[in-house]
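Raw data_34.txt, compact mmCIF, C-alpha atoms:
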```
# COMPACT_ATOMS: atom_id res chain seq x y z
CA MET A 93 133.58 87.93 77.88
CA LEU A 94 136.64 87.88 80.15
CA VAL A 95 135.76 91.05 82.05
CA ASN A 96 132.08 90.10 82.21
CA SER A 97 132.98 86.71 83.67
CA VAL A 98 135.15 88.34 86.33
CA ILE A 99 132.28 90.60 87.38
CA ILE A 100 129.55 87.92 87.31
CA VAL A 101 131.51 85.39 89.36
CA LEU A 102 132.84 88.06 91.74
CA ARG A 103 129.31 89.29 92.44
CA GLU A 104 128.16 85.78 93.31
CA VAL A 105 131.23 84.82 95.32
CA LEU A 106 131.67 88.03 97.32
CA GLU A 107 128.65 87.71 99.60
CA ALA A 108 129.43 84.12 100.61
CA ALA A 109 133.18 84.83 100.91
CA LEU A 110 132.56 87.69 103.33
CA MET A 111 130.35 85.52 105.51
CA ILE A 112 132.85 82.65 105.52
CA GLY A 113 135.66 85.08 106.41
CA ILE A 114 133.70 86.43 109.38
CA LEU A 115 132.66 82.96 110.62
CA LEU A 116 136.20 81.58 110.30
CA ALA A 117 137.48 84.53 112.34
CA VAL A 118 134.85 83.76 114.98
CA ALA A 119 136.05 80.14 114.95
CA ARG A 120 139.55 81.37 115.87
CA HIS A 121 138.25 82.98 119.05
CA VAL A 122 135.45 80.54 119.93
CA PRO A 123 136.45 76.88 119.67
CA THR A 124 134.33 75.18 116.99
CA GLY A 125 136.85 72.98 115.27
CA ARG A 126 137.28 73.18 111.51
CA ARG A 127 135.20 70.24 110.38
CA TRP A 128 132.01 72.30 109.97
CA LEU A 129 133.57 74.15 107.04
CA LEU A 130 134.41 70.91 105.24
CA VAL A 131 130.91 69.55 105.85
CA ALA A 132 129.41 72.86 104.65
CA PHE A 133 131.44 72.84 101.44
CA VAL A 134 130.57 69.24 100.59
CA LEU A 135 126.86 69.97 101.17
CA ALA A 136 127.07 73.26 99.27
CA LEU A 137 128.80 71.73 96.25
CA GLY A 138 126.29 68.89 96.05
CA GLY A 139 123.41 71.31 96.59
CA ALA A 140 124.67 73.79 93.99
CA VAL A 141 125.06 71.17 91.26
CA ALA A 142 121.70 69.52 92.08
CA TYR A 143 119.94 72.90 92.10
CA ALA A 144 121.59 74.04 88.86
CA ARG A 145 120.70 70.81 87.05
CA ASN A 146 117.05 71.07 88.12
CA LEU A 147 116.63 74.82 87.82
CA ALA A 148 114.26 74.68 84.84
CA THR A 149 111.99 72.26 86.74
CA VAL A 150 112.16 74.30 89.95
CA SER A 151 111.41 77.51 88.03
CA ALA A 152 108.25 76.06 86.52
CA MET A 153 106.85 75.07 89.94
CA PHE A 154 104.29 77.17 91.86
CA GLY A 155 102.97 78.84 88.72
CA GLY A 156 106.44 79.77 87.46
CA VAL A 157 107.87 81.29 90.63
CA GLY A 158 109.52 78.18 92.13
CA GLN A 159 112.98 79.74 91.71
CA GLU A 160 112.00 82.81 93.74
CA LEU A 161 110.39 80.71 96.48
CA LEU A 162 113.33 78.32 96.84
CA ASN A 163 115.85 81.16 96.85
CA ALA A 164 113.80 83.11 99.39
CA GLY A 165 113.59 79.96 101.53
CA MET A 166 117.37 79.50 101.36
CA HIS A 167 117.94 83.14 102.32
CA LEU A 168 115.63 82.78 105.31
CA GLY A 169 117.45 79.55 106.23
CA VAL A 170 120.76 81.44 106.29
CA PHE A 171 119.09 84.13 108.40
CA ALA A 172 117.82 81.58 110.95
CA ALA A 173 121.24 79.93 111.13
CA LEU A 174 122.92 83.30 111.73
CA VAL A 175 120.50 84.05 114.59
CA VAL A 176 121.62 80.80 116.26
CA VAL A 177 125.31 81.55 115.54
CA VAL A 178 125.10 84.99 117.12
CA PHE A 179 123.22 83.66 120.17
CA TYR A 180 125.96 81.09 120.81
CA ILE A 181 128.80 83.55 120.21
CA ALA A 182 127.27 86.02 122.67
CA ARG A 183 126.70 83.39 125.39
CA ARG A 184 130.36 82.82 126.05
CA HIS A 185 131.81 85.10 128.71
CA GLY A 186 135.57 84.91 128.55
CA ASP A 187 137.58 81.87 127.57
CA VAL A 188 135.18 79.00 128.10
CA GLY A 189 137.01 75.84 127.18
CA GLU A 190 133.94 73.76 126.50
CA ARG A 191 132.98 73.28 122.88
CA SER A 192 129.43 73.81 121.70
CA ARG A 193 127.96 71.44 119.14
CA VAL A 194 125.19 73.74 118.05
CA LEU A 195 127.48 76.60 117.00
CA PRO A 196 129.48 74.70 114.35
CA ALA A 197 126.29 73.06 113.09
CA ALA A 198 124.60 76.45 112.64
CA MET A 199 127.73 77.83 110.95
CA ALA A 200 127.70 74.85 108.57
CA VAL A 201 124.03 75.43 107.69
CA ALA A 202 124.60 79.15 107.02
CA VAL A 203 127.62 78.55 104.79
CA ALA A 204 126.12 75.53 103.01
CA LEU A 205 122.91 77.37 102.06
CA ALA A 206 124.69 80.59 101.06
CA VAL A 207 127.33 78.82 98.96
CA ALA A 208 124.81 76.41 97.39
CA GLN A 209 122.69 79.27 96.15
CA GLU A 210 125.45 81.47 94.79
CA GLY A 211 127.33 78.38 93.58
CA SER A 212 124.38 77.15 91.53
CA GLU A 213 124.32 80.41 89.55
CA VAL A 214 128.05 80.26 88.95
CA PHE A 215 127.70 76.61 87.89
CA ILE A 216 124.88 77.47 85.46
CA TYR A 217 126.86 80.35 83.98
CA VAL A 218 130.17 78.51 83.65
CA SER A 219 128.74 75.21 82.39
CA GLY A 220 126.43 77.06 79.99
CA PHE A 221 129.12 79.13 78.33
CA LEU A 222 132.01 76.66 78.45
CA GLN A 223 130.18 74.79 75.69
CA VAL A 224 130.39 77.82 73.40
CA GLU A 225 133.89 77.53 71.95
CA GLU A 226 134.54 81.23 71.40
CA PHE A 227 133.67 81.98 75.05
CA ALA A 228 135.36 79.03 76.76
CA SER A 229 138.77 80.52 77.55
CA GLY A 230 137.37 83.91 78.57
CA VAL A 231 134.83 82.30 80.88
CA THR A 232 137.44 80.02 82.45
CA LEU A 233 140.01 82.74 83.13
CA GLY A 234 137.40 85.31 84.12
CA SER A 235 135.68 82.97 86.55
CA ILE A 236 138.95 82.01 88.23
CA ALA A 237 139.91 85.68 88.55
CA GLY A 238 136.46 86.66 89.85
CA ALA A 239 136.42 83.86 92.42
CA GLY A 240 140.01 84.74 93.41
CA ILE A 241 139.17 88.41 94.02
CA GLY A 242 136.02 87.46 95.95
CA PHE A 243 137.82 85.05 98.26
CA SER A 244 140.69 87.55 98.72
CA VAL A 245 138.21 90.07 100.12
CA GLY A 246 136.94 87.34 102.45
CA VAL A 247 140.52 86.61 103.58
CA LEU A 248 141.07 90.34 104.14
CA PHE A 249 138.06 90.47 106.46
CA TYR A 250 139.25 87.32 108.21
CA TYR A 251 142.68 88.79 109.06
CA ALA A 252 141.20 92.17 109.97
CA LEU A 253 138.98 90.41 112.52
CA VAL A 254 141.54 87.91 113.79
CA GLY A 255 143.94 90.81 114.47
CA GLN A 256 141.48 92.33 116.96
CA PRO A 257 141.45 91.44 120.67
CA GLU A 258 139.03 88.59 121.44
CA GLY A 259 136.20 90.65 122.98
CA ARG A 260 136.20 93.32 120.31
CA ALA A 261 136.48 90.80 117.46
CA ARG A 262 133.40 89.04 118.79
CA TRP A 263 131.26 92.16 118.84
CA ILE A 264 132.45 93.35 115.45
CA ALA A 265 131.56 89.90 114.14
CA VAL A 266 128.09 90.16 115.68
CA ILE A 267 127.48 93.54 114.00
CA LEU A 268 128.77 92.29 110.64
CA LEU A 269 126.61 89.16 110.93
CA ALA A 270 123.61 91.37 111.78
CA PHE A 271 124.14 93.19 108.48
CA ALA A 272 124.54 89.88 106.65
CA ALA A 273 121.34 88.53 108.24
CA ALA A 274 119.38 91.70 107.43
CA ASN A 275 120.72 91.36 103.88
CA MET A 276 119.19 87.87 103.72
CA CYS A 277 115.84 89.27 104.90
CA ILE A 278 115.68 92.07 102.34
CA GLN A 279 116.70 89.70 99.51
CA ALA A 280 114.06 87.16 100.55
CA THR A 281 111.43 89.92 100.70
CA ASN A 282 112.44 91.19 97.28
CA LEU A 283 112.18 87.68 95.81
CA LEU A 284 108.72 87.19 97.31
CA ILE A 285 107.64 90.52 95.80
CA GLN A 286 109.04 89.41 92.43
CA ALA A 287 107.00 86.19 92.78
CA ASP A 288 103.91 88.28 93.60
CA TRP A 289 103.59 86.54 96.98
CA LEU A 290 104.13 89.87 98.74
CA PRO A 291 102.66 93.18 97.55
CA SER A 292 104.78 95.52 95.46
CA ALA A 293 104.90 99.18 96.49
CA ALA A 294 106.55 102.42 95.51
CA PRO A 295 110.09 102.90 96.84
CA LEU A 296 110.51 104.59 100.20
CA TRP A 297 113.50 106.52 98.87
CA ASP A 298 115.76 106.62 95.82
CA SER A 299 119.48 106.89 96.52
CA SER A 300 120.52 105.64 93.07
CA ALA A 301 121.80 109.09 92.07
CA LEU A 302 123.88 109.31 95.26
CA LEU A 303 125.20 105.76 95.20
CA PRO A 304 124.24 103.63 92.16
CA GLU A 305 123.73 99.93 92.91
CA ASP A 306 125.86 98.95 89.93
CA SER A 307 128.86 101.04 91.04
CA LEU A 308 131.86 99.36 92.67
CA VAL A 309 131.02 100.71 96.13
CA GLY A 310 127.33 99.92 95.56
CA GLN A 311 128.17 96.31 94.72
CA LEU A 312 130.47 95.92 97.71
CA LEU A 313 127.82 97.38 100.02
CA TYR A 314 125.19 95.16 98.41
CA ALA A 315 127.25 92.08 99.27
CA LEU A 316 128.23 93.26 102.75
CA VAL A 317 125.13 95.01 104.11
CA GLY A 318 122.45 94.39 101.46
CA TYR A 319 122.47 97.91 100.01
CA GLU A 320 119.33 98.65 98.00
CA ALA A 321 118.93 102.03 96.26
CA THR A 322 115.14 101.92 95.92
CA PRO A 323 113.67 99.82 98.76
CA SER A 324 109.95 99.70 99.42
CA ALA A 325 108.64 100.14 102.96
CA LEU A 326 108.22 96.36 103.24
CA GLU A 327 111.84 95.72 102.24
CA ALA A 328 113.19 98.38 104.59
CA GLY A 329 110.94 97.00 107.34
CA THR A 330 112.09 93.38 107.03
CA TYR A 331 115.69 94.62 106.89
CA GLY A 332 115.20 96.46 110.18
CA ILE A 333 113.42 93.50 111.79
CA GLY A 334 116.16 91.11 110.66
CA PHE A 335 118.87 93.38 112.09
CA ALA A 336 116.97 93.83 115.36
CA PHE A 337 116.47 90.06 115.65
CA ILE A 338 120.24 89.46 115.56
CA LEU A 339 120.86 92.11 118.21
CA LEU A 340 118.11 90.55 120.33
CA ALA A 341 119.73 87.11 119.96
CA ALA A 342 123.07 88.65 121.03
CA PHE A 343 121.59 90.31 124.12
CA ALA A 344 119.63 87.17 125.03
CA GLY A 345 122.79 85.10 124.83
CA TRP A 346 124.90 87.62 126.76
CA TRP A 347 122.49 88.36 129.63
CA LEU A 348 119.93 85.55 129.85
CA PHE A 349 121.90 82.41 128.97
CA PRO A 350 125.56 83.16 129.71
CA ILE A 351 128.20 80.45 129.95
CA GLU A 352 130.71 81.70 132.53
CA GLU A 353 134.40 81.00 132.54
CA ALA A 354 135.21 78.13 134.90
CA HIS A 355 137.47 79.24 137.78
CA ALA A 356 138.61 75.80 138.76
CA MET B 281 66.98 83.12 119.56
CA ILE B 282 68.93 82.88 116.32
CA ASP B 283 66.99 83.79 113.21
CA ARG B 284 68.19 81.11 110.82
CA LYS B 285 66.78 82.68 107.69
CA ARG B 286 68.44 85.96 108.43
CA THR B 287 71.73 84.28 109.22
CA ALA B 288 71.58 82.32 105.97
CA ARG B 289 70.79 85.45 103.96
CA LEU B 290 73.62 87.34 105.63
CA PHE B 291 75.98 84.48 104.90
CA ALA B 292 74.90 84.35 101.24
CA THR B 293 75.37 88.11 100.87
CA ALA B 294 78.79 87.92 102.48
CA CYS B 295 79.75 85.10 100.12
CA ALA B 296 78.61 87.11 97.10
CA VAL B 297 80.50 90.20 98.26
CA PHE B 298 83.69 88.19 98.80
CA ALA B 299 83.29 86.49 95.42
CA ILE B 300 83.02 89.86 93.65
CA LEU B 301 85.90 91.32 95.66
CA GLY B 302 87.91 88.18 94.94
CA THR B 303 87.49 88.44 91.19
CA THR B 304 88.45 92.11 91.10
CA VAL B 305 91.45 91.65 93.39
CA GLN B 306 92.66 88.56 91.56
CA ALA B 307 91.99 89.93 88.06
CA ALA B 308 94.88 88.46 86.06
CA PRO B 309 97.58 91.08 85.36
CA PRO B 310 98.24 91.87 81.67
CA VAL B 311 100.92 89.66 80.12
CA TYR B 312 103.91 90.93 78.11
CA GLU B 313 106.29 88.64 76.26
CA ILE B 314 109.97 89.15 75.57
CA GLU B 315 112.19 86.66 73.74
CA ILE B 316 115.92 86.18 74.00
CA ARG B 317 117.58 85.30 70.67
CA ASN B 318 121.34 85.36 70.02
CA HIS B 319 121.82 87.13 73.37
CA LEU B 320 119.45 89.95 72.36
CA PHE B 321 116.06 90.87 73.79
CA GLU B 322 113.17 90.92 71.29
CA PRO B 323 111.55 93.38 71.60
CA ASP B 324 114.15 95.35 73.51
CA GLU B 325 111.61 97.98 74.47
CA ILE B 326 108.14 97.44 75.84
CA THR B 327 105.63 99.96 77.06
CA ILE B 328 103.42 99.11 80.01
CA PRO B 329 100.72 101.17 81.73
CA ALA B 330 101.57 103.14 84.85
CA ASN B 331 100.47 101.98 88.29
CA THR B 332 99.58 98.51 87.00
CA LYS B 333 101.05 95.16 87.92
CA VAL B 334 102.07 93.22 84.82
CA LYS B 335 103.31 89.70 84.21
CA LEU B 336 106.45 89.55 82.13
CA VAL B 337 107.08 86.26 80.31
CA VAL B 338 110.70 85.99 79.16
CA ILE B 339 111.33 83.15 76.71
CA ASN B 340 114.96 82.17 76.24
CA ARG B 341 115.32 80.77 72.68
CA ASP B 342 119.11 80.46 73.03
CA PRO B 343 120.68 77.18 74.12
CA THR B 344 122.71 79.10 76.72
CA PRO B 345 121.34 80.32 80.07
CA GLU B 346 120.63 83.99 80.76
CA GLU B 347 119.91 86.02 83.86
CA PHE B 348 117.28 88.72 83.53
CA GLU B 349 118.42 91.56 85.73
CA SER B 350 117.41 95.13 86.48
CA PHE B 351 118.71 97.36 89.25
CA GLU B 352 115.91 99.86 88.61
CA LEU B 353 113.19 97.23 88.87
CA ASN B 354 114.94 95.20 91.63
CA ARG B 355 114.52 92.06 89.58
CA GLU B 356 116.89 89.12 89.05
CA LYS B 357 116.07 85.72 87.59
CA VAL B 358 118.02 82.94 85.91
CA ILE B 359 116.42 81.59 82.73
CA MET B 360 117.84 78.30 81.44
CA GLY B 361 118.43 77.80 77.71
CA GLY B 362 115.22 76.90 75.90
CA SER B 363 112.95 77.70 78.83
CA ARG B 364 110.70 80.53 79.96
CA ALA B 365 110.42 82.60 83.12
CA ILE B 366 107.66 84.59 84.71
CA ILE B 367 108.56 87.87 86.41
CA PHE B 368 106.01 90.16 88.01
CA ILE B 369 106.74 93.88 87.80
CA GLY B 370 104.89 96.99 88.91
CA PRO B 371 102.75 98.81 89.83
CA LEU B 372 105.26 101.48 88.79
CA PRO B 373 105.23 105.26 88.34
CA PRO B 374 105.88 106.53 84.77
CA GLY B 375 109.51 106.40 83.69
CA GLU B 376 112.16 104.29 82.00
CA TYR B 377 113.44 101.13 83.62
CA PRO B 378 116.44 99.51 81.91
CA PHE B 379 117.10 95.79 82.17
CA PHE B 380 119.88 93.55 80.90
CA GLY B 381 121.03 89.98 80.57
CA GLU B 382 123.69 89.56 83.20
CA PHE B 383 125.41 86.73 81.33
CA ASN B 384 125.65 88.85 78.13
CA PRO B 385 125.62 92.43 79.41
CA ASP B 386 127.20 93.86 76.24
CA THR B 387 124.40 92.79 73.90
CA ALA B 388 121.36 91.81 75.96
CA LEU B 389 120.00 95.26 76.78
CA GLY B 390 116.47 96.53 76.95
CA LYS B 391 114.13 98.83 78.78
CA ILE B 392 110.61 98.96 80.05
CA ILE B 393 108.82 102.22 79.44
CA VAL B 394 106.08 102.91 81.94
CA SER B 395 103.64 105.28 80.32
CA ASP B 396 100.74 107.29 81.74
CA ASP B 397 98.45 106.84 78.76
CA ASP B 398 96.93 103.47 78.14
CA ALA B 399 98.80 102.74 74.90
CA GLY B 400 100.27 99.30 75.49
```
If you convert what's in this file into structure tokens, what do you get?
Amino acid sequence: MLVNSVIIVLREVLEAALMIGILLAVARHVPTGRRWLLVAFVLALGGAVAYARNLATVSAMFGGVGQELLNAGMHLGVFAALVVVVFYIARRHGDVGERSRVLPAAMAVAVALAVAQEGSEVFIYVSGFLQVEEFASGVTLGSIAGAGIGFSVGVLFYYALVGQPEGRARWIAVILLAFAAANMCIQATNLLIQADWLPSAAPLWDSSALLPEDSLVGQLLYALVGYEATPSALEAGTYGIGFAFILLAAFAGWWLFPIEEAHA
Amino acid sequence: MIDRKRTARLFATACAVFAILGTTVQAAPPVYEIEIRNHLFEPDEITIPANTKVKLVVINRDPTPEEFESFELNREKVIMGGSRAIIFIGPLPPGEYPFFGEFNPDTALGKIIVSDDDAG
């Protein structure tokens, strides 16, 4: 139970931790304040507990696929927020003192939705198995360890990014956020296929022999870039569109709506 | 100018065609049931026809939650204790597709066998 708990919680935490690490590093270079993170966590915690407590009801909605639809909606919400984040990061040419209000708000939305969704599953797992006496200690220790490892990886990414010069850190962050956003798109697509709202099709390729999804590297890549060993054309397509959308938002911000450094 | 009778007949034919198409397209997929008891899947092996979409109903009889998960099928769904979940799978080529309960991965193991012949 201990090892299983570590893995389950780590898998849930990793994706959100990576995104928070990247966004916090961005916040070091682009002034956003720190309050957005607090707001995001309060919203996420409330959302996670509310979602977890009502999961059975949500699941039964829409002919039994309410869970898929809500999760897909949350993924697309994170995607939309990341598009806005990238647009605002790219707009700033040099050290613009002025603070944007939209950027921290979009960051808060992205983190709140991502953490609420992953958090609800952790909450369901932990609260479900804490009541079983023989599992309680294993679940507690395992969950703490899993969450600790997950957040450590996030911290690692944060320092790796903060250590870079401002310009380079910004563009690395944009690329990493493009992968995260594309990840949201492919997961949403997959959930809509599972709900039978989008058509299912044969996989475009099968790289499970080369890199199994349940391997350590496979899991890490799943969390970071949305690795999928057997994607259908639809999944690969939405992944590509999601990635391209982020790059488009970056170029639009950089060239069309730049905020120049004041030379006063 | 406009031949009303002909228009009406055309419309009626179109309606009939769409109705027939609709029923064939929306023909309910076959349903397969799996239960979770004591962190085990029952049955832990089901055979479904190839190239057919099926509706999997997973009923969790345990008081604890479970997460139905399969890397091969790209499926993942939380099922609360004492509740049921619907998961659509397929159409799939013949083969074996393992699944497991993520919250009890040591015991909750099963597989879906997709078979060419129609034996269900």
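Set the cut-off at 6 Å, count all atoms listed in the file, and the residues of chain A near chain B turn out to be Gly156, Gly220 and Gln286 of chain A.
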Nearest residue to Pro350 in chain A from the set A:Ala182, A:Ala136, A:Val201, A:Gly169 (distances using all atoms listed in the file) =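 Closest to Pro350 in chain A of all the choices is A:Ala182.
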Using all atoms listed in the file, which of the listed residues (A:Phe179, A:Tyr217, A:Phe335, A:Tyr314) sits closest to Val98 in chain A?
->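 Of the candidates, the smallest distance to Val98 in chain A is held by A:Tyr217.
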In Å, how far is it from CA of Ala308 in chain B to CA of Thr332 in chain B?
-> 11.1 Å
Selected residue of minimal separation from Gly139 in chain A among A:Val254, A:Leu205, A:Met166, A:Val177, counting only C-alpha atoms = A:Leu205
Tell me, in Å to one decimal, how far CA of Leu222 in chain A is from CA of Thr149 in chain A.
->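 According to the coordinates, CA of Leu222 in chain A and CA of Thr149 in chain A are separated by 22.1 Å.
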Would you please work out which residue, of A:Glu258, A:Glu327, A:Glu226, A:Glu305, is nearest to Ala274 in chain A when using all atoms listed in the file?
->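 Nearest candidate to Ala274 in chain A out of A:Glu258, A:Glu327, A:Glu226, A:Glu305: A:Glu327.
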Distance CA of Val134 in chain A-CA of Gly211 in chain A, one decimal place?
->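 Those two atoms sit 12.0 Å apart.
Each of A:Ala202, A:Ala109, A:Leu284, A:Leu312 was checked against Val178 in chain A using only C-alpha atoms; the smallest atom-to-atom distance is that of A:Ala202.
Each of A:Leu253, A:Ala172, A:Gly345, A:Val101 was checked against Ile236 in chain A using all atoms listed in the file; the smallest atom-to-atom distance is that of A:Val101.
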Show me, as AutoDock Vina command-line options, the centre and edge lengths in Å to one decimal of the axis-aligned box that covers every listed atom of range 271-279 of chain A with 4 Å on each side.
```
--center_x 120.1 --center_y 90.5 --center_z 104.0 --size_x 16.9 --size_y 13.3 --size_z 17.0
```
